[in-house]
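Working notes, structure below.
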Amino acid sequence: MVKCGSMNSDLLQQLSEKSISKEELIKAVEDDFNLLPLVIQGVSSNNPRVRYGCAGALATLSAKHPAYLYPHMDFFVNLLDNKRRILVWNAIAALANLCAVDIHKKFDAVFNKYYALLMDEYMVTVANVVGNSARIANAKPYLVPKITGKLLEVERIRISPHLTEECKRVITQQAIDSFDQFFDLMSADEKAKVIYFVKKHSESPRESLKKKANSFLVRRLAT
């Protein structure tokens, strides 16, 4: 537990020493959002437990309390360039969450930067972008045409030592799942393109992708 009477700066030390968990850190911030700058500072820590604990806490908080995190949106944008992939993954999620309160359209300004990560050589990075796209689309329906176009391009992803053909199938499956979550926001033309995309994977050698594609088609072609 967070030690009673401890100074705010002690939180990161406690996290380092494993005397508090990430969940307890989140609760501490929820009790006092003035701690946010301290947690943001923790992302730069040389201690992996502090660094990743703080990054994970911020991603969770961005989903639960986006209005409190929104003033720090530029921090997450800059984090997309970080050399540590786990931090990038947390930033991808946080930015998608913050779209719900993005009254100044900050995400729109970095849309291309965000979706450029679809061409990353690591599967998990690409999958995080694809998996968070439905949240962005539902928060910003006017971006649906652009998001749909980007996700339709996942078939062009380059193979790398960290992204195999089977990885591409996993990503394609995620893309279909994301499309399903904002399909009703698409124009007739966009829906037709997505249906065509999904049909191409209805006989995939990956059983879960095949099942996902056919389930999508049964439901969406019936409406």
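Just remember, in the structure tokens the first chain shown is A, the second B, etc., residues are 1-based per chain, and ligands are 1-based in the order shown.
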Backbone-only DSSP, alpha helix (DSSP H) members of stretch 9-211 of chain A, as a JSON list (two decimals) with N, CA and C atoms, in the first residue's frame:
[["chain", "number", "residue", "atom", "x", "y", "z"],
["A", 10, "ASP", "N", 7.96, 10.24, -3.08],
["A", 10, "ASP", "CA", 8.29, 8.90, -2.62],
["A", 10, "ASP", "C", 7.55, 7.83, -3.41],
["A", 11, "LEU", "N", 6.51, 8.22, -4.11],
["A", 11, "LEU", "CA", 5.72, 7.25, -4.86],
["A", 11, "LEU", "C", 6.57, 6.47, -5.86],
["A", 12, "LEU", "N", 7.41, 7.17, -6.59],
["A", 12, "LEU", "CA", 8.24, 6.50, -7.58],
["A", 12, "LEU", "C", 9.27, 5.60, -6.91],
["A", 13, "GLN", "N", 9.76, 6.02, -5.77],
["A", 13, "GLN", "CA", 10.69, 5.18, -5.02],
["A", 13, "GLN", "C", 9.99, 3.91, -4.55],
["A", 14, "GLN", "N", 8.76, 4.06, -4.09],
["A", 14, "GLN", "CA", 7.99, 2.90, -3.64],
["A", 14, "GLN", "C", 7.71, 1.96, -4.82],
["A", 15, "LEU", "N", 7.46, 2.54, -5.97],
["A", 15, "LEU", "CA", 7.23, 1.73, -7.16],
["A", 15, "LEU", "C", 8.50, 0.97, -7.51],
["A", 16, "SER", "N", 9.64, 1.63, -7.40],
["A", 16, "SER", "CA", 10.93, 1.02, -7.68],
["A", 16, "SER", "C", 11.21, -0.13, -6.73],
["A", 22, "LYS", "N", 1.42, -1.05, -9.70],
["A", 22, "LYS", "CA", 0.93, -0.09, -10.68],
["A", 22, "LYS", "C", -0.51, 0.31, -10.36],
["A", 23, "GLU", "N", -1.31, -0.65, -9.92],
["A", 23, "GLU", "CA", -2.70, -0.38, -9.59],
["A", 23, "GLU", "C", -2.82, 0.59, -8.42],
["A", 24, "GLU", "N", -1.93, 0.44, -7.45],
["A", 24, "GLU", "CA", -1.94, 1.36, -6.31],
["A", 24, "GLU", "C", -1.47, 2.75, -6.73],
["A", 25, "LEU", "N", -0.56, 2.80, -7.68],
["A", 25, "LEU", "CA", -0.13, 4.09, -8.21],
["A", 25, "LEU", "C", -1.29, 4.78, -8.90],
["A", 26, "ILE", "N", -2.03, 4.03, -9.70],
["A", 26, "ILE", "CA", -3.21, 4.59, -10.38],
["A", 26, "ILE", "C", -4.20, 5.14, -9.36],
["A", 27, "LYS", "N", -4.46, 4.38, -8.29],
["A", 27, "LYS", "CA", -5.40, 4.83, -7.26],
["A", 27, "LYS", "C", -4.90, 6.09, -6.59],
["A", 28, "ALA", "N", -3.59, 6.20, -6.36],
["A", 28, "ALA", "CA", -3.03, 7.39, -5.74],
["A", 28, "ALA", "C", -3.26, 8.62, -6.61],
["A", 29, "VAL", "N", -3.09, 8.45, -7.93],
["A", 29, "VAL", "CA", -3.31, 9.57, -8.85],
["A", 29, "VAL", "C", -4.79, 9.93, -8.88],
["A", 30, "GLU", "N", -5.66, 8.92, -8.88],
["A", 30, "GLU", "CA", -7.10, 9.19, -8.89],
["A", 30, "GLU", "C", -7.54, 9.95, -7.65],
["A", 31, "ASP", "N", -6.81, 9.76, -6.57],
["A", 31, "ASP", "CA", -7.11, 10.50, -5.33],
["A", 31, "ASP", "C", -6.55, 11.91, -5.37],
["A", 36, "LEU", "N", -0.03, 13.77, -11.41],
["A", 36, "LEU", "CA", 0.21, 13.41, -12.81],
["A", 36, "LEU", "C", 1.60, 13.82, -13.31],
["A", 37, "PRO", "N", 2.07, 15.04, -13.07],
["A", 37, "PRO", "CA", 3.41, 15.42, -13.55],
["A", 37, "PRO", "C", 4.50, 14.50, -13.02],
["A", 38, "LEU", "N", 4.33, 14.03, -11.78],
["A", 38, "LEU", "CA", 5.31, 13.11, -11.20],
["A", 38, "LEU", "C", 5.32, 11.79, -11.95],
["A", 39, "VAL", "N", 4.14, 11.27, -12.28],
["A", 39, "VAL", "CA", 4.05, 10.00, -13.00],
["A", 39, "VAL", "C", 4.60, 10.16, -14.42],
["A", 40, "ILE", "N", 4.33, 11.30, -15.03],
["A", 40, "ILE", "CA", 4.89, 11.57, -16.36],
["A", 40, "ILE", "C", 6.41, 11.61, -16.29],
["A", 41, "GLN", "N", 6.92, 12.24, -15.25],
["A", 41, "GLN", "CA", 8.37, 12.27, -15.04],
["A", 41, "GLN", "C", 8.93, 10.86, -14.91],
["A", 42, "GLY", "N", 8.17, 9.98, -14.27],
["A", 42, "GLY", "CA", 8.62, 8.62, -14.05],
["A", 42, "GLY", "C", 8.84, 7.83, -15.33],
["A", 48, "PRO", "N", 13.53, 0.30, -15.03],
["A", 48, "PRO", "CA", 12.45, -0.24, -15.88],
["A", 48, "PRO", "C", 11.12, -0.38, -15.16],
["A", 49, "ARG", "N", 11.15, -0.77, -13.89],
["A", 49, "ARG", "CA", 9.90, -0.93, -13.15],
["A", 49, "ARG", "C", 9.17, 0.40, -13.02],
["A", 50, "VAL", "N", 9.91, 1.45, -12.75],
["A", 50, "VAL", "CA", 9.31, 2.78, -12.65],
["A", 50, "VAL", "C", 8.84, 3.26, -14.02],
["A", 51, "ARG", "N", 9.72, 3.11, -14.99],
["A", 51, "ARG", "CA", 9.43, 3.59, -16.35],
["A", 51, "ARG", "C", 8.16, 2.96, -16.91],
["A", 52, "TYR", "N", 8.11, 1.65, -16.89],
["A", 52, "TYR", "CA", 6.98, 0.96, -17.50],
["A", 52, "TYR", "C", 5.75, 0.96, -16.60],
["A", 53, "GLY", "N", 5.97, 1.01, -15.29],
["A", 53, "GLY", "CA", 4.84, 1.13, -14.38],
["A", 53, "GLY", "C", 4.12, 2.45, -14.57],
["A", 54, "CYS", "N", 4.89, 3.52, -14.71],
["A", 54, "CYS", "CA", 4.30, 4.85, -14.92],
["A", 54, "CYS", "C", 3.63, 4.94, -16.28],
["A", 55, "ALA", "N", 4.26, 4.40, -17.31],
["A", 55, "ALA", "CA", 3.68, 4.44, -18.65],
["A", 55, "ALA", "C", 2.37, 3.67, -18.70],
["A", 56, "GLY", "N", 2.35, 2.50, -18.07],
["A", 56, "GLY", "CA", 1.13, 1.71, -18.04],
["A", 56, "GLY", "C", 0.04, 2.39, -17.24],
["A", 57, "ALA", "N", 0.41, 3.02, -16.14],
["A", 57, "ALA", "CA", -0.56, 3.74, -15.33],
["A", 57, "ALA", "C", -1.18, 4.89, -16.13],
["A", 58, "LEU", "N", -0.36, 5.60, -16.86],
["A", 58, "LEU", "CA", -0.87, 6.73, -17.66],
["A", 58, "LEU", "C", -1.82, 6.24, -18.75],
["A", 59, "ALA", "N", -1.50, 5.11, -19.39],
["A", 59, "ALA", "CA", -2.38, 4.57, -20.42],
["A", 59, "ALA", "C", -3.74, 4.21, -19.82],
["A", 60, "THR", "N", -3.71, 3.58, -18.65],
["A", 60, "THR", "CA", -4.97, 3.23, -17.97],
["A", 60, "THR", "C", -5.75, 4.48, -17.58],
["A", 61, "LEU", "N", -5.06, 5.45, -17.04],
["A", 61, "LEU", "CA", -5.72, 6.70, -16.62],
["A", 61, "LEU", "C", -6.30, 7.46, -17.82],
["A", 62, "SER", "N", -5.64, 7.36, -18.97],
["A", 62, "SER", "CA", -6.15, 8.05, -20.16],
["A", 62, "SER", "C", -7.48, 7.47, -20.61],
["A", 63, "ALA", "N", -7.69, 6.18, -20.33],
["A", 63, "ALA", "CA", -8.97, 5.55, -20.66],
["A", 63, "ALA", "C", -10.05, 5.90, -19.65],
["A", 64, "LYS", "N", -9.67, 5.95, -18.38],
["A", 64, "LYS", "CA", -10.64, 6.19, -17.31],
["A", 64, "LYS", "C", -10.94, 7.66, -17.08],
["A", 66, "PRO", "N", -9.87, 10.68, -19.31],
["A", 66, "PRO", "CA", -9.20, 11.38, -20.41],
["A", 66, "PRO", "C", -9.10, 12.89, -20.23],
["A", 67, "ALA", "N", -10.07, 13.49, -19.60],
["A", 67, "ALA", "CA", -10.05, 14.95, -19.44],
["A", 67, "ALA", "C", -8.85, 15.41, -18.60],
["A", 68, "TYR", "N", -8.44, 14.60, -17.63],
["A", 68, "TYR", "CA", -7.29, 14.96, -16.81],
["A", 68, "TYR", "C", -5.97, 14.77, -17.55],
["A", 69, "LEU", "N", -5.95, 13.83, -18.47],
["A", 69, "LEU", "CA", -4.72, 13.56, -19.22],
["A", 69, "LEU", "C", -4.58, 14.45, -20.45],
["A", 73, "MET", "N", -1.35, 15.81, -23.73],
["A", 73, "MET", "CA", -1.42, 15.03, -24.98],
["A", 73, "MET", "C", -0.13, 15.12, -25.77],
["A", 74, "ASP", "N", 0.51, 16.27, -25.78],
["A", 74, "ASP", "CA", 1.77, 16.42, -26.53],
["A", 74, "ASP", "C", 2.86, 15.49, -26.01],
["A", 75, "PHE", "N", 2.81, 15.19, -24.72],
["A", 75, "PHE", "CA", 3.77, 14.24, -24.14],
["A", 75, "PHE", "C", 3.64, 12.87, -24.83],
["A", 76, "PHE", "N", 2.42, 12.42, -25.03],
["A", 76, "PHE", "CA", 2.20, 11.13, -25.66],
["A", 76, "PHE", "C", 2.54, 11.16, -27.14],
["A", 77, "VAL", "N", 2.31, 12.28, -27.79],
["A", 77, "VAL", "CA", 2.71, 12.42, -29.19],
["A", 77, "VAL", "C", 4.22, 12.26, -29.32],
["A", 78, "ASN", "N", 4.96, 12.92, -28.45],
["A", 78, "ASN", "CA", 6.42, 12.82, -28.50],
["A", 78, "ASN", "C", 6.90, 11.41, -28.17],
["A", 79, "LEU", "N", 6.13, 10.71, -27.35],
["A", 79, "LEU", "CA", 6.50, 9.36, -26.96],
["A", 79, "LEU", "C", 6.44, 8.38, -28.13],
["A", 85, "ARG", "N", 10.02, 0.35, -27.31],
["A", 85, "ARG", "CA", 8.75, 0.01, -27.95],
["A", 85, "ARG", "C", 7.57, -0.04, -26.99],
["A", 86, "ILE", "N", 7.80, -0.49, -25.76],
["A", 86, "ILE", "CA", 6.70, -0.56, -24.80],
["A", 86, "ILE", "C", 6.12, 0.83, -24.53],
["A", 87, "LEU", "N", 6.98, 1.83, -24.50],
["A", 87, "LEU", "CA", 6.50, 3.20, -24.29],
["A", 87, "LEU", "C", 5.69, 3.67, -25.49],
["A", 88, "VAL", "N", 6.13, 3.27, -26.68],
["A", 88, "VAL", "CA", 5.38, 3.61, -27.90],
["A", 88, "VAL", "C", 3.99, 2.97, -27.85],
["A", 89, "TRP", "N", 3.93, 1.72, -27.42],
["A", 89, "TRP", "CA", 2.64, 1.02, -27.37],
["A", 89, "TRP", "C", 1.69, 1.70, -26.39],
["A", 90, "ASN", "N", 2.22, 2.14, -25.26],
["A", 90, "ASN", "CA", 1.39, 2.86, -24.30],
["A", 90, "ASN", "C", 0.92, 4.20, -24.86],
["A", 91, "ALA", "N", 1.79, 4.86, -25.59],
["A", 91, "ALA", "CA", 1.42, 6.15, -26.20],
["A", 91, "ALA", "C", 0.33, 5.96, -27.26],
["A", 92, "ILE", "N", 0.43, 4.89, -28.05],
["A", 92, "ILE", "CA", -0.58, 4.59, -29.07],
["A", 92, "ILE", "C", -1.96, 4.46, -28.42],
["A", 93, "ALA", "N", -2.02, 3.72, -27.32],
["A", 93, "ALA", "CA", -3.29, 3.53, -26.61],
["A", 93, "ALA", "C", -3.78, 4.83, -25.99],
["A", 94, "ALA", "N", -2.87, 5.56, -25.35],
["A", 94, "ALA", "CA", -3.27, 6.80, -24.67],
["A", 94, "ALA", "C", -3.82, 7.82, -25.66],
["A", 95, "LEU", "N", -3.18, 7.97, -26.79],
["A", 95, "LEU", "CA", -3.64, 8.95, -27.79],
["A", 95, "LEU", "C", -5.03, 8.58, -28.31],
["A", 96, "ALA", "N", -5.26, 7.30, -28.51],
["A", 96, "ALA", "CA", -6.60, 6.87, -28.94],
["A", 96, "ALA", "C", -7.64, 7.20, -27.88],
["A", 97, "ASN", "N", -7.29, 6.98, -26.63],
["A", 97, "ASN", "CA", -8.21, 7.29, -25.54],
["A", 97, "ASN", "C", -8.52, 8.78, -25.45],
["A", 98, "LEU", "N", -7.51, 9.60, -25.68],
["A", 98, "LEU", "CA", -7.68, 11.04, -25.54],
["A", 98, "LEU", "C", -8.49, 11.66, -26.67],
["A", 106, "LYS", "N", -6.07, 17.95, -31.71],
["A", 106, "LYS", "CA", -4.63, 17.72, -31.68],
["A", 106, "LYS", "C", -4.27, 16.41, -32.38],
["A", 107, "PHE", "N", -5.13, 15.40, -32.22],
["A", 107, "PHE", "CA", -4.84, 14.13, -32.87],
["A", 107, "PHE", "C", -4.84, 14.29, -34.38],
["A", 108, "ASP", "N", -5.76, 15.08, -34.89],
["A", 108, "ASP", "CA", -5.86, 15.28, -36.34],
["A", 108, "ASP", "C", -4.54, 15.76, -36.92],
["A", 109, "ALA", "N", -3.84, 16.59, -36.15],
["A", 109, "ALA", "CA", -2.58, 17.17, -36.62],
["A", 109, "ALA", "C", -1.46, 16.14, -36.70],
["A", 111, "PHE", "N", -2.20, 12.76, -37.23],
["A", 111, "PHE", "CA", -2.82, 11.56, -37.79],
["A", 111, "PHE", "C", -1.82, 10.76, -38.62],
["A", 112, "ASN", "N", -1.12, 11.43, -39.52],
["A", 112, "ASN", "CA", -0.18, 10.72, -40.40],
["A", 112, "ASN", "C", 0.98, 10.13, -39.62],
["A", 113, "LYS", "N", 1.44, 10.82, -38.59],
["A", 113, "LYS", "CA", 2.52, 10.31, -37.74],
["A", 113, "LYS", "C", 2.06, 9.03, -37.03],
["A", 114, "TYR", "N", 0.86, 9.05, -36.52],
["A", 114, "TYR", "CA", 0.29, 7.91, -35.81],
["A", 114, "TYR", "C", 0.16, 6.71, -36.74],
["A", 115, "TYR", "N", -0.43, 6.93, -37.92],
["A", 115, "TYR", "CA", -0.69, 5.81, -38.82],
["A", 115, "TYR", "C", 0.53, 5.39, -39.63],
["A", 123, "MET", "N", 5.43, -6.42, -35.17],
["A", 123, "MET", "CA", 4.01, -6.75, -35.22],
["A", 123, "MET", "C", 3.21, -6.07, -34.12],
["A", 124, "VAL", "N", 3.73, -6.06, -32.90],
["A", 124, "VAL", "CA", 2.95, -5.54, -31.78],
["A", 124, "VAL", "C", 2.67, -4.05, -31.96],
["A", 125, "THR", "N", 3.61, -3.31, -32.52],
["A", 125, "THR", "CA", 3.38, -1.89, -32.78],
["A", 125, "THR", "C", 2.25, -1.71, -33.78],
["A", 126, "VAL", "N", 2.30, -2.44, -34.88],
["A", 126, "VAL", "CA", 1.26, -2.37, -35.89],
["A", 126, "VAL", "C", -0.08, -2.79, -35.30],
["A", 127, "ALA", "N", -0.08, -3.88, -34.56],
["A", 127, "ALA", "CA", -1.32, -4.40, -33.97],
["A", 127, "ALA", "C", -1.94, -3.40, -33.00],
["A", 128, "ASN", "N", -1.11, -2.67, -32.28],
["A", 128, "ASN", "CA", -1.64, -1.66, -31.36],
["A", 128, "ASN", "C", -2.34, -0.53, -32.10],
["A", 129, "VAL", "N", -1.78, -0.10, -33.21],
["A", 129, "VAL", "CA", -2.43, 0.94, -34.01],
["A", 129, "VAL", "C", -3.77, 0.44, -34.54],
["A", 130, "VAL", "N", -3.75, -0.75, -35.11],
["A", 130, "VAL", "CA", -4.98, -1.33, -35.67],
["A", 130, "VAL", "C", -6.03, -1.52, -34.58],
["A", 131, "GLY", "N", -5.60, -2.07, -33.45],
["A", 131, "GLY", "CA", -6.53, -2.37, -32.38],
["A", 131, "GLY", "C", -7.14, -1.15, -31.72],
["A", 132, "ASN", "N", -6.46, -0.02, -31.77],
["A", 132, "ASN", "CA", -6.97, 1.22, -31.16],
["A", 132, "ASN", "C", -7.74, 2.09, -32.14],
["A", 133, "SER", "N", -7.78, 1.70, -33.39],
["A", 133, "SER", "CA", -8.39, 2.54, -34.42],
["A", 133, "SER", "C", -9.90, 2.71, -34.26],
["A", 134, "ALA", "N", -10.58, 1.69, -33.78],
["A", 134, "ALA", "CA", -12.03, 1.80, -33.62],
["A", 134, "ALA", "C", -12.37, 2.86, -32.58],
["A", 135, "ARG", "N", -11.56, 2.95, -31.54],
["A", 135, "ARG", "CA", -11.80, 3.96, -30.50],
["A", 135, "ARG", "C", -11.67, 5.36, -31.10],
["A", 136, "ILE", "N", -10.69, 5.54, -31.96],
["A", 136, "ILE", "CA", -10.50, 6.84, -32.60],
["A", 136, "ILE", "C", -11.66, 7.14, -33.54],
["A", 137, "ALA", "N", -12.05, 6.15, -34.33],
["A", 137, "ALA", "CA", -13.14, 6.34, -35.29],
["A", 137, "ALA", "C", -14.44, 6.70, -34.60],
["A", 138, "ASN", "N", -14.74, 6.05, -33.49],
["A", 138, "ASN", "CA", -15.99, 6.33, -32.78],
["A", 138, "ASN", "C", -15.96, 7.69, -32.09],
["A", 139, "ALA", "N", -14.77, 8.14, -31.70],
["A", 139, "ALA", "CA", -14.64, 9.45, -31.07],
["A", 139, "ALA", "C", -14.65, 10.57, -32.11],
["A", 144, "VAL", "N", -13.42, 8.70, -40.12],
["A", 144, "VAL", "CA", -13.69, 7.33, -40.54],
["A", 144, "VAL", "C", -13.16, 7.03, -41.94],
["A", 145, "PRO", "N", -13.37, 7.90, -42.95],
["A", 145, "PRO", "CA", -12.83, 7.60, -44.28],
["A", 145, "PRO", "C", -11.31, 7.41, -44.28],
["A", 146, "LYS", "N", -10.61, 8.27, -43.56],
["A", 146, "LYS", "CA", -9.15, 8.17, -43.53],
["A", 146, "LYS", "C", -8.70, 6.93, -42.76],
["A", 147, "ILE", "N", -9.35, 6.64, -41.65],
["A", 147, "ILE", "CA", -8.98, 5.47, -40.86],
["A", 147, "ILE", "C", -9.26, 4.19, -41.63],
["A", 148, "THR", "N", -10.41, 4.15, -42.28],
["A", 148, "THR", "CA", -10.75, 2.98, -43.09],
["A", 148, "THR", "C", -9.71, 2.75, -44.17],
["A", 149, "GLY", "N", -9.32, 3.82, -44.85],
["A", 149, "GLY", "CA", -8.31, 3.72, -45.90],
["A", 149, "GLY", "C", -6.99, 3.19, -45.38],
["A", 150, "LYS", "N", -6.59, 3.66, -44.20],
["A", 150, "LYS", "CA", -5.33, 3.20, -43.62],
["A", 150, "LYS", "C", -5.38, 1.72, -43.26],
["A", 151, "LEU", "N", -6.48, 1.29, -42.66],
["A", 151, "LEU", "CA", -6.56, -0.11, -42.25],
["A", 151, "LEU", "C", -6.68, -1.05, -43.44],
["A", 165, "GLU", "N", 4.42, -13.60, -42.30],
["A", 165, "GLU", "CA", 3.13, -13.71, -42.98],
["A", 165, "GLU", "C", 2.03, -14.06, -41.97],
["A", 166, "GLU", "N", 2.36, -14.91, -41.01],
["A", 166, "GLU", "CA", 1.36, -15.26, -40.00],
["A", 166, "GLU", "C", 1.04, -14.05, -39.13],
["A", 167, "CYS", "N", 2.02, -13.22, -38.85],
["A", 167, "CYS", "CA", 1.78, -11.98, -38.12],
["A", 167, "CYS", "C", 0.81, -11.09, -38.89],
["A", 168, "LYS", "N", 0.99, -11.04, -40.20],
["A", 168, "LYS", "CA", 0.08, -10.24, -41.03],
["A", 168, "LYS", "C", -1.36, -10.74, -40.92],
["A", 169, "ARG", "N", -1.50, -12.05, -40.80],
["A", 169, "ARG", "CA", -2.85, -12.61, -40.65],
["A", 169, "ARG", "C", -3.47, -12.19, -39.31],
["A", 170, "VAL", "N", -2.63, -12.17, -38.27],
["A", 170, "VAL", "CA", -3.10, -11.71, -36.96],
["A", 170, "VAL", "C", -3.55, -10.26, -37.05],
["A", 171, "ILE", "N", -2.76, -9.44, -37.71],
["A", 171, "ILE", "CA", -3.09, -8.02, -37.87],
["A", 171, "ILE", "C", -4.35, -7.85, -38.70],
["A", 172, "THR", "N", -4.49, -8.65, -39.75],
["A", 172, "THR", "CA", -5.69, -8.59, -40.59],
["A", 172, "THR", "C", -6.93, -8.93, -39.77],
["A", 173, "GLN", "N", -6.80, -9.92, -38.92],
["A", 173, "GLN", "CA", -7.91, -10.30, -38.05],
["A", 173, "GLN", "C", -8.30, -9.14, -37.14],
["A", 174, "GLN", "N", -7.30, -8.46, -36.62],
["A", 174, "GLN", "CA", -7.56, -7.29, -35.78],
["A", 174, "GLN", "C", -8.23, -6.18, -36.57],
["A", 175, "ALA", "N", -7.80, -6.02, -37.82],
["A", 175, "ALA", "CA", -8.40, -4.98, -38.66],
["A", 175, "ALA", "C", -9.89, -5.25, -38.87],
["A", 176, "ILE", "N", -10.24, -6.51, -39.11],
["A", 176, "ILE", "CA", -11.65, -6.86, -39.30],
["A", 176, "ILE", "C", -12.43, -6.58, -38.02],
["A", 177, "ASP", "N", -11.84, -6.91, -36.89],
["A", 177, "ASP", "CA", -12.49, -6.63, -35.61],
["A", 177, "ASP", "C", -12.70, -5.13, -35.42],
["A", 178, "SER", "N", -11.70, -4.33, -35.79],
["A", 178, "SER", "CA", -11.83, -2.88, -35.68],
["A", 178, "SER", "C", -12.90, -2.34, -36.64],
["A", 179, "PHE", "N", -12.88, -2.83, -37.87],
["A", 179, "PHE", "CA", -13.90, -2.41, -38.83],
["A", 179, "PHE", "C", -15.30, -2.68, -38.29],
["A", 180, "ASP", "N", -15.45, -3.82, -37.65],
["A", 180, "ASP", "CA", -16.75, -4.21, -37.12],
["A", 180, "ASP", "C", -17.27, -3.21, -36.09],
["A", 181, "GLN", "N", -16.35, -2.57, -35.38],
["A", 181, "GLN", "CA", -16.74, -1.66, -34.31],
["A", 181, "GLN", "C", -17.15, -0.27, -34.81],
["A", 182, "PHE", "N", -16.82, 0.05, -36.06],
["A", 182, "PHE", "CA", -17.28, 1.35, -36.57],
["A", 182, "PHE", "C", -17.86, 1.24, -37.98],
["A", 188, "ALA", "N", -21.51, 4.05, -47.84],
["A", 188, "ALA", "CA", -21.80, 2.84, -48.61],
["A", 188, "ALA", "C", -20.56, 2.38, -49.38],
["A", 189, "ASP", "N", -19.82, 3.33, -49.92],
["A", 189, "ASP", "CA", -18.62, 2.99, -50.68],
["A", 189, "ASP", "C", -17.55, 2.38, -49.78],
["A", 190, "GLU", "N", -17.38, 2.94, -48.60],
["A", 190, "GLU", "CA", -16.40, 2.41, -47.65],
["A", 190, "GLU", "C", -16.80, 1.01, -47.19],
["A", 191, "LYS", "N", -18.08, 0.83, -46.94],
["A", 191, "LYS", "CA", -18.56, -0.50, -46.53],
["A", 191, "LYS", "C", -18.28, -1.54, -47.61],
["A", 192, "ALA", "N", -18.48, -1.16, -48.87],
["A", 192, "ALA", "CA", -18.24, -2.09, -49.98],
["A", 192, "ALA", "C", -16.77, -2.49, -50.04],
["A", 193, "LYS", "N", -15.87, -1.52, -49.82],
["A", 193, "LYS", "CA", -14.44, -1.81, -49.84],
["A", 193, "LYS", "C", -14.05, -2.74, -48.69],
["A", 194, "VAL", "N", -14.66, -2.51, -47.53],
["A", 194, "VAL", "CA", -14.36, -3.36, -46.38],
["A", 194, "VAL", "C", -14.88, -4.77, -46.60],
["A", 195, "ILE", "N", -16.08, -4.89, -47.14],
["A", 195, "ILE", "CA", -16.64, -6.21, -47.44],
["A", 195, "ILE", "C", -15.73, -6.97, -48.41],
["A", 196, "TYR", "N", -15.25, -6.28, -49.43],
["A", 196, "TYR", "CA", -14.34, -6.89, -50.41],
["A", 196, "TYR", "C", -13.06, -7.36, -49.72],
["A", 197, "PHE", "N", -12.54, -6.53, -48.83],
["A", 197, "PHE", "CA", -11.33, -6.86, -48.06],
["A", 197, "PHE", "C", -11.56, -8.11, -47.23],
["A", 198, "VAL", "N", -12.68, -8.14, -46.53],
["A", 198, "VAL", "CA", -12.95, -9.27, -45.63],
["A", 198, "VAL", "C", -13.17, -10.57, -46.42],
["A", 199, "LYS", "N", -13.85, -10.47, -47.56],
["A", 199, "LYS", "CA", -14.10, -11.67, -48.37],
["A", 199, "LYS", "C", -12.80, -12.35, -48.78],
["A", 207, "GLU", "N", -7.18, -20.28, -38.95],
["A", 207, "GLU", "CA", -8.55, -20.65, -38.63],
["A", 207, "GLU", "C", -9.32, -19.51, -37.95],
["A", 208, "SER", "N", -8.67, -18.82, -37.01],
["A", 208, "SER", "CA", -9.36, -17.74, -36.30],
["A", 208, "SER", "C", -9.68, -16.57, -37.22],
["A", 209, "LEU", "N", -8.80, -16.29, -38.18],
["A", 209, "LEU", "CA", -9.06, -15.23, -39.16],
["A", 209, "LEU", "C", -10.22, -15.64, -40.07],
["A", 210, "LYS", "N", -10.19, -16.86, -40.52],
["A", 210, "LYS", "CA", -11.27, -17.38, -41.36],
["A", 210, "LYS", "C", -12.62, -17.27, -40.64],
["A", 211, "LYS", "N", -12.63, -17.67, -39.38],
["A", 211, "LYS", "CA", -13.86, -17.61, -38.59],
["A", 211, "LYS", "C", -14.33, -16.17, -38.41]]
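Among A:His201, A:His162, A:Lys212, A:Arg156, the residue with the shortest atom-to-atom distance to A:Glu121, counting only C-alpha atoms, is A:His162.
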- Item | Nearest residue to A:His65 from the set A:Lys18, A:Leu118, A:Phe33, A:Ser204 (distances using only C-alpha atoms) | A:Phe33
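For the residues A:Asp81, A:Tyr122, A:Pro205, A:Ala222, ranking by smallest atom-to-atom distance to A:Leu163 using only C-alpha atoms places A:Tyr122 first.
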- Message: Could you tell me how far atom CA of A:Asp120 sits from atom CA of A:Arg158, in Å to one decimal place?
- Response: 8.5 Å
